[in-house]
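Structure data (compact mmCIF, C-alpha atoms) from final_4.txt:
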```
# COMPACT_ATOMS: atom_id res chain seq x y z
CA MET A 24 105.78 155.33 109.62
CA LEU A 25 102.84 157.65 110.10
CA LEU A 26 100.44 155.03 111.48
CA ASP A 27 102.87 152.50 112.91
CA GLY A 28 101.06 150.34 115.47
CA LYS A 29 97.69 152.02 114.96
CA ARG A 30 94.53 149.91 114.95
CA LEU A 31 91.84 151.22 112.64
CA LEU A 32 88.26 150.37 111.74
CA ILE A 33 87.40 151.34 108.16
CA THR A 34 83.86 151.32 106.84
CA GLY A 35 82.62 151.81 103.30
CA VAL A 36 85.01 149.72 101.19
CA LEU A 37 83.04 148.58 98.16
CA ASP A 38 85.60 148.29 95.39
CA PRO A 39 89.20 149.40 94.68
CA ARG A 40 87.97 152.73 93.32
CA SER A 41 86.36 153.74 96.61
CA ILE A 42 87.98 156.34 98.83
CA ALA A 43 87.76 153.96 101.78
CA PHE A 44 89.74 151.30 99.90
CA THR A 45 92.54 153.77 99.23
CA VAL A 46 92.49 154.89 102.87
CA ALA A 47 92.90 151.25 103.93
CA LYS A 48 95.75 150.79 101.45
CA VAL A 49 97.64 153.91 102.53
CA ALA A 50 97.01 153.10 106.20
CA GLN A 51 98.50 149.62 105.81
CA GLU A 52 101.48 151.03 103.93
CA GLN A 53 101.98 153.41 106.86
CA GLY A 54 102.02 150.59 109.42
CA ALA A 55 98.40 150.36 110.60
CA GLU A 56 96.46 147.20 111.37
CA VAL A 57 93.07 147.45 109.71
CA VAL A 58 89.67 145.81 110.07
CA LEU A 59 86.98 146.49 107.47
CA THR A 60 83.21 146.42 107.76
CA GLY A 61 80.59 145.54 105.18
CA PHE A 62 76.89 145.06 105.02
CA GLY A 63 74.37 142.74 103.38
CA ARG A 64 74.85 141.97 99.71
CA GLY A 65 77.80 144.36 99.61
CA MET A 66 79.84 142.03 101.83
CA ARG A 67 80.97 140.02 98.82
CA LEU A 68 82.19 143.17 97.07
CA THR A 69 84.06 144.21 100.20
CA GLN A 70 85.67 140.79 100.51
CA ARG A 71 86.81 140.93 96.91
CA ALA A 72 88.27 144.41 97.38
CA ALA A 73 89.95 143.41 100.65
CA SER A 74 91.90 140.69 98.84
CA ARG A 75 93.58 143.40 96.75
CA LEU A 76 95.00 145.29 99.72
CA PRO A 77 98.67 144.83 100.67
CA THR A 78 97.52 142.62 103.58
CA THR A 79 94.04 141.08 103.47
CA PRO A 80 92.24 142.42 106.55
CA ASP A 81 89.45 140.80 108.52
CA LEU A 82 85.91 141.80 107.63
CA LEU A 83 83.10 142.33 110.12
CA GLU A 84 79.43 142.81 109.28
CA LEU A 85 78.06 146.18 110.33
CA ASP A 86 74.72 147.73 109.48
CA VAL A 87 75.01 151.16 111.08
CA THR A 88 71.24 151.38 111.50
CA ASP A 89 71.28 148.30 113.75
CA GLU A 90 72.35 149.04 117.33
CA SER A 91 72.95 145.36 118.06
CA GLN A 92 75.52 145.15 115.26
CA LEU A 93 77.26 148.31 116.45
CA THR A 94 77.53 146.77 119.90
CA ALA A 95 78.73 143.44 118.50
CA VAL A 96 81.53 145.06 116.46
CA ALA A 97 82.62 147.14 119.45
CA ASP A 98 82.69 144.02 121.63
CA GLU A 99 84.69 142.11 119.01
CA LEU A 100 87.29 144.86 118.68
CA GLY A 101 87.45 145.22 122.45
CA GLU A 102 88.28 141.52 122.82
CA ARG A 103 90.69 141.58 119.89
CA TRP A 104 92.59 144.81 120.52
CA GLY A 105 91.43 146.31 123.80
CA ARG A 106 91.49 149.75 122.20
CA LEU A 107 90.80 151.50 118.91
CA ASP A 108 92.96 154.27 117.48
CA GLY A 109 90.78 155.42 114.63
CA VAL A 110 87.51 155.00 112.75
CA LEU A 111 86.71 156.02 109.19
CA HIS A 112 83.05 156.80 108.54
CA ALA A 113 82.67 156.33 104.77
CA ILE A 114 78.96 155.60 104.77
CA GLY A 115 76.23 157.29 102.78
CA PHE A 116 73.03 156.22 101.12
CA ALA A 117 69.89 157.85 99.77
CA PRO A 118 67.02 156.16 97.91
CA ALA A 119 66.71 157.13 94.25
CA SER A 120 63.75 159.39 94.99
CA CYS A 121 66.05 161.65 97.03
CA LEU A 122 68.48 162.32 94.17
CA GLY A 123 68.51 163.46 90.57
CA GLY A 124 66.23 166.49 90.73
CA ASN A 125 63.43 165.03 92.86
CA PHE A 126 63.97 167.32 95.84
CA LEU A 127 60.37 168.51 96.17
CA ASP A 128 58.84 165.11 95.51
CA ALA A 129 60.91 162.84 97.78
CA PRO A 130 58.71 161.25 100.49
CA TRP A 131 59.70 161.52 104.14
CA GLU A 132 60.16 157.75 104.43
CA ASP A 133 62.99 157.92 101.88
CA VAL A 134 64.44 161.15 103.24
CA SER A 135 64.52 159.70 106.75
CA THR A 136 66.46 156.71 105.42
CA ALA A 137 69.03 159.05 103.86
CA PHE A 138 69.43 160.89 107.18
CA HIS A 139 69.65 157.72 109.26
CA VAL A 140 72.34 156.12 107.11
CA SER A 141 74.29 159.20 106.05
CA THR A 142 74.05 161.52 109.07
CA TYR A 143 72.85 159.87 112.28
CA SER A 144 75.22 156.93 111.74
CA TYR A 145 78.17 159.27 112.35
CA ALA A 146 77.02 159.93 115.89
CA ALA A 147 76.09 156.25 116.27
CA LEU A 148 79.66 155.21 115.44
CA GLY A 149 81.01 157.78 117.88
CA ARG A 150 78.77 156.48 120.64
CA ALA A 151 79.50 152.81 119.93
CA PHE A 152 83.29 153.11 119.81
CA ALA A 153 83.91 155.97 122.25
CA ASP A 154 85.11 153.73 125.07
CA LEU A 155 87.66 151.99 122.83
CA LEU A 156 88.82 155.25 121.26
CA ALA A 157 89.23 156.89 124.66
CA VAL A 158 91.75 154.30 125.89
CA GLU A 159 94.69 156.14 124.31
CA GLY A 160 92.90 159.04 122.60
CA GLY A 161 91.69 158.22 119.10
CA SER A 162 90.36 159.86 115.97
CA ILE A 163 87.11 159.66 114.02
CA VAL A 164 87.17 160.85 110.42
CA GLY A 165 84.13 161.11 108.15
CA LEU A 166 83.92 161.65 104.41
CA ASP A 167 81.98 164.69 103.28
CA PHE A 168 81.02 166.54 100.11
CA ASP A 169 80.91 170.31 100.64
CA ALA A 170 77.36 171.23 101.69
CA GLN A 171 77.70 175.02 101.57
CA ILE A 172 75.79 175.25 98.29
CA ALA A 173 73.17 173.27 96.35
CA TRP A 174 74.73 170.87 93.82
CA PRO A 175 73.01 169.51 90.69
CA GLY A 176 71.17 166.27 91.43
CA TYR A 177 72.53 165.95 94.97
CA ASP A 178 69.27 167.07 96.56
CA TRP A 179 68.48 165.39 99.90
CA MET A 180 71.94 163.85 100.12
CA GLY A 181 73.27 167.40 100.14
CA VAL A 182 70.97 168.21 103.05
CA ALA A 183 72.12 165.04 104.81
CA LYS A 184 75.75 166.14 104.32
CA ALA A 185 74.91 169.54 105.82
CA GLY A 186 73.57 167.63 108.82
CA LEU A 187 76.77 165.57 108.89
CA GLU A 188 78.83 168.75 109.05
CA SER A 189 76.79 169.99 112.02
CA ALA A 190 76.93 166.58 113.71
CA ASN A 191 80.72 166.70 113.32
CA ARG A 192 80.88 169.81 115.49
CA TYR A 193 78.62 168.41 118.19
CA LEU A 194 80.42 165.06 118.24
CA ALA A 195 83.74 166.89 118.57
CA ARG A 196 82.29 168.85 121.50
CA ASP A 197 81.05 165.77 123.33
CA LEU A 198 84.00 163.45 122.68
CA GLY A 199 86.83 165.97 123.01
CA PRO A 200 86.96 165.74 126.82
CA ARG A 201 87.72 162.03 126.39
CA GLY A 202 90.68 162.77 124.13
CA ILE A 203 88.87 161.82 120.89
CA ARG A 204 89.26 164.00 117.81
CA VAL A 205 86.42 164.21 115.27
CA ASN A 206 86.90 165.66 111.78
CA LEU A 207 85.51 165.53 108.26
CA VAL A 208 87.34 165.46 104.94
CA ALA A 209 85.34 167.18 102.19
CA ALA A 210 86.53 165.48 99.03
CA GLY A 211 86.20 166.72 95.51
CA PRO A 212 84.22 164.52 93.10
CA LEU A 213 85.74 161.13 92.32
CA HIS A 214 84.70 158.32 90.01
CA THR A 215 83.44 155.98 92.73
CA MET A 216 80.57 153.51 92.64
CA ALA A 217 78.50 155.82 94.84
CA ALA A 218 79.11 158.84 92.60
CA ARG A 219 78.01 156.99 89.48
CA SER A 220 74.57 156.48 91.04
CA ILE A 221 73.93 160.25 91.16
CA ASP A 222 72.10 161.60 88.14
CA GLY A 223 73.93 164.71 86.99
CA PHE A 224 77.25 163.74 88.57
CA GLY A 225 78.96 164.37 85.24
CA ASP A 226 78.19 168.07 85.63
CA PHE A 227 80.69 168.28 88.48
CA GLU A 228 83.61 167.51 86.19
CA GLY A 229 83.19 170.75 84.27
CA VAL A 230 83.00 172.76 87.50
CA TRP A 231 86.25 171.29 88.80
CA LYS A 232 88.07 171.78 85.49
CA GLU A 233 87.09 175.43 85.49
CA ARG A 234 87.58 176.28 89.15
CA ALA A 235 90.26 174.06 90.75
CA PRO A 236 93.46 176.11 91.13
CA LEU A 237 95.51 172.96 91.70
CA GLY A 238 93.66 170.89 89.11
CA TRP A 239 91.71 167.79 90.03
CA ASP A 240 91.93 164.18 88.86
CA MET A 241 88.57 162.49 89.40
CA ARG A 242 90.27 159.10 89.01
CA ASP A 243 92.75 159.55 91.86
CA PRO A 244 91.45 159.20 95.46
CA GLU A 245 94.94 159.12 97.00
CA PRO A 246 95.14 162.85 97.93
CA VAL A 247 91.94 162.38 99.94
CA ALA A 248 93.19 159.13 101.49
CA ARG A 249 96.47 160.70 102.58
CA THR A 250 94.62 163.51 104.33
CA VAL A 251 92.36 161.01 106.11
CA CYS A 252 95.42 159.08 107.29
CA ALA A 253 97.05 162.28 108.54
CA LEU A 254 93.95 162.98 110.64
CA LEU A 255 93.98 159.41 111.94
CA SER A 256 97.61 159.76 112.98
CA ASP A 257 99.16 161.51 115.99
CA TRP A 258 100.43 164.39 113.86
CA MET A 259 97.31 166.59 114.20
CA PRO A 260 96.60 166.40 117.95
CA GLY A 261 94.99 169.84 118.24
CA VAL A 262 92.53 169.53 115.35
CA THR A 263 88.91 168.61 115.99
CA GLY A 264 85.49 169.74 114.77
CA GLU A 265 87.14 170.65 111.47
CA ILE A 266 86.17 170.17 107.82
CA VAL A 267 89.33 169.72 105.76
CA HIS A 268 88.73 170.34 102.06
CA VAL A 269 90.66 168.14 99.64
CA ASP A 270 89.20 169.36 96.36
CA GLY A 271 91.97 171.11 94.47
CA GLY A 272 90.86 174.41 96.01
CA VAL A 273 87.39 174.67 94.46
CA HIS A 274 85.72 175.49 97.80
CA ALA A 275 87.78 178.71 97.98
CA ILE A 276 87.02 179.97 94.47
CA GLY A 277 83.76 181.87 93.96
CA ALA A 278 83.83 181.91 90.15
CA GLY A 279 85.73 180.42 87.24
CA MET A 280 89.44 181.15 86.99
CA PRO A 281 90.80 183.29 84.16
CA PRO A 282 91.68 181.17 81.10
CA GLU A 283 95.41 181.71 81.59
CA ALA A 284 95.18 180.41 85.17
CA ALA A 285 93.29 177.32 84.08
CA THR A 286 95.94 176.65 81.48
CA ALA A 287 98.67 176.92 84.08
CA ALA A 288 96.98 174.69 86.64
CA PRO A 289 98.42 171.16 86.58
CA GLY A 290 96.11 168.60 85.08
CA ILE A 291 93.41 170.98 83.84
CA ALA A 292 94.76 171.67 80.36
CA GLU A 293 95.61 167.98 79.87
CA ASP A 294 92.11 166.87 80.86
CA ALA A 295 90.51 169.49 78.62
CA ALA A 296 92.60 168.30 75.71
CA THR A 297 91.54 164.74 76.38
CA ASP A 298 87.88 165.75 76.36
CA ALA A 299 88.34 167.56 73.08
```

Could you show the structure in this file as structure tokens?
Amino acid sequence: MLLDGKRLLITGVLDPRSIAFTVAKVAQEQGAEVVLTGFGRGMRLTQRAASRLPTTPDLLELDVTDESQLTAVADELGERWGRLDGVLHAIGFAPASCLGGNFLDAPWEDVSTAFHVSTYSYAALGRAFADLLAVEGGSIVGLDFDAQIAWPGYDWMGVAKAGLESANRYLARDLGPRGIRVNLVAAGPLHTMAARSIDGFGDFEGVWKERAPLGWDMRDPEPVARTVCALLSDWMPGVTGEIVHVDGGVHAIGAGMPPEAATAAPGIAEDAATDA
């Protein structure tokens, strides 16, 4: 199996529709031992979701803005496993003022929160778990949403994702000599709890129907999860500092496809018919 014997820390599981949940599910199916993290009031949601995985994993509390909790989780995993093979960073948050068309009006206090949670935490995880990941050479994977252009309503979270993409390169530079790979997976839009909080998220669906050469099912996170698991495995040993797009090909298409191509693309015609 792809992840047989691997020991993974997975953040960001909120409910069974989340990408992180599907990563945990696929990882367990591929032989990995998994520990989840949660935070604050969301812990109960994470516990409920964890019970629906093939094997119910342990859950540790981790607020990525709290250095003492990062240290505590690293110590716990060090005592439990003695090493760590992979970490999924599936963490992002921005106050409401930073989203939904408020780009020029968002106060720095809120913007700084978005950057701390969504961008700086990536480096914080790398720092906290580097010693455990370096034991046998591990992998850090973060979830991204393509930050090359400005998206409707995404505002300061888009800027935070651009920072995440830059941090990915620097983290890969600094951790590579210790045998640790660092990569991002830029996922297409999916119907997750986080996505539903973004005003204007519905506009993305039309873009993906028009432009995805392979089609795109916003209800299916498994293509993203499989790619994450491949990066967490030993099968991509020479890949680091990369952004792997799992979006049906939209990132490569500069304008809408011809109507005949959209009709031929799997899933697009069916979804359009459903909308009609």

Let me have the centre and edge lengths in Å, one decimal, of the box along x, y and z around every listed atom of segment 43-54 of chain A with 4 Å of margin on each side, as JSON.
```
{"center_x": 94.9, "center_y": 152.3, "center_z": 104.3, "size_x": 22.3, "size_y": 13.3, "size_z": 18.2}
```

Check: atom CA of Gly264 of chain A and atom CA of Tyr145 of chain A are how many Å apart?
Finding: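 These two atoms are separated by 13.0 Å.
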
Next item on the list: With a distance cut-off of 8 Å and all atoms listed in the file, select the neighbouring residues of segment 208-212 of chain A, excluding the residue or stretch itself and same-chain residues fewer than 6 positions from it, and output the selection as a PyMOL selection string.
Entry: chain A and resi 164-169+218+227-228+239+241+247+250-251+266-271

Next item on the list: Find the residues around segment 33-43 of chain A up to 8 Å (all atoms listed in the file counted), leave out those fewer than 6 positions away in its own chain, and share them as a ChimeraX atom specification.
Entry: /A:57-61,65,68-69,71-72,75,110-114,214-216,244-245,247-248

Neighbour list for Pro118 of chain A as a PDB file with C-alpha atoms, keeping the file's coordinate frame, cut-off 9 Å, all atoms listed in the file, skip fewer than 4 positions in-chain:
```
ATOM      1  CA  LEU A 122      68.480 162.320  94.170  1.00  0.00           C
ATOM      2  CA  ASP A 133      62.990 157.920 101.880  1.00  0.00           C
ATOM      3  CA  VAL A 134      64.440 161.150 103.240  1.00  0.00           C
ATOM      4  CA  THR A 136      66.460 156.710 105.420  1.00  0.00           C
ATOM      5  CA  ALA A 137      69.030 159.050 103.860  1.00  0.00           C
TER       6      ALA A 137
END
```

Notebook entry, point to check: What is the distance between atom CA of Glu132 of chain A and atom CA of Ala183 of chain A, in Å to one decimal?
Noted result: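 So the answer is 14.0 Å.
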
Next item on the list: Select, counting all atoms listed in the file, all protein, DNA and RNA residues no farther than 7 Å from (93.1, 159.0, 118.9) in file coordinates, and express the selection as a list in words.
Entry: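 Those within range, by chain then number, are Asp108, Gly109, Leu156, Glu159, Gly160, Gly161, Ser162, Gly202, Ile203 and Arg204 of chain A.
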
Just the residues within 9 Å of Phe116 of chain A, please, counting only C-alpha atoms, with nothing from its chain fewer than 4 positions along; format it as a compact mmCIF listing (two decimals) with C-alpha atoms, in the coordinates of the input.
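Printed below is part.txt as written:
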```
# COMPACT_ATOMS: atom_id res chain seq x y z
CA THR A 136 66.46 156.71 105.42
CA ALA A 137 69.03 159.05 103.86
CA PHE A 138 69.43 160.89 107.18
CA HIS A 139 69.65 157.72 109.26
CA VAL A 140 72.34 156.12 107.11
CA SER A 141 74.29 159.20 106.05
CA MET A 180 71.94 163.85 100.12
CA ALA A 217 78.50 155.82 94.84
```

Check: How many Å lie between atom CA of Ala235 of chain A and atom CA of Gly123 of chain A, rounded to one decimal?
Finding: 24.2 Å

Checklist line | Counting all atoms listed in the file, the residue of A:Met24, A:Ala73, A:Ala97, A:Val182 that sits nearest Glu52 of chain A | finding: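 Result for the nearest residue to Glu52 of chain A: A:Met24.
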
Margin query: Let me make sure I understand: among A:Ala117, A:Ala95, A:Cys252, A:Ile163, which one has the smallest atom-to-atom distance to Ala55 of chain A if we use all atoms listed in the file?
Written below: A:Cys252

Checklist line | Selected residue, from A:Ala119, A:Leu83, A:Ala275, A:Ile172, that lies nearest to Pro236 of chain A when counting all atoms listed in the file | finding: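 Among the listed residues, the smallest separation from Pro236 of chain A belongs to A:Ala275.
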
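When only C-alpha atoms are used to compute distances to Thr88 of chain A, the closest of the residues A:Ala190, A:Ala147, A:Ala185, A:Leu198 turns out to be A:Ala147.
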
Next item on the list: Do a neighbour search on Lys48 of chain A at 9 Å with only C-alpha atoms, toss out local chain neighbours closer than 6 positions, and write the hits as a list in words.
Entry: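 So the residues in contact are Leu76, Pro77, Thr78 and Ala248 of chain A.
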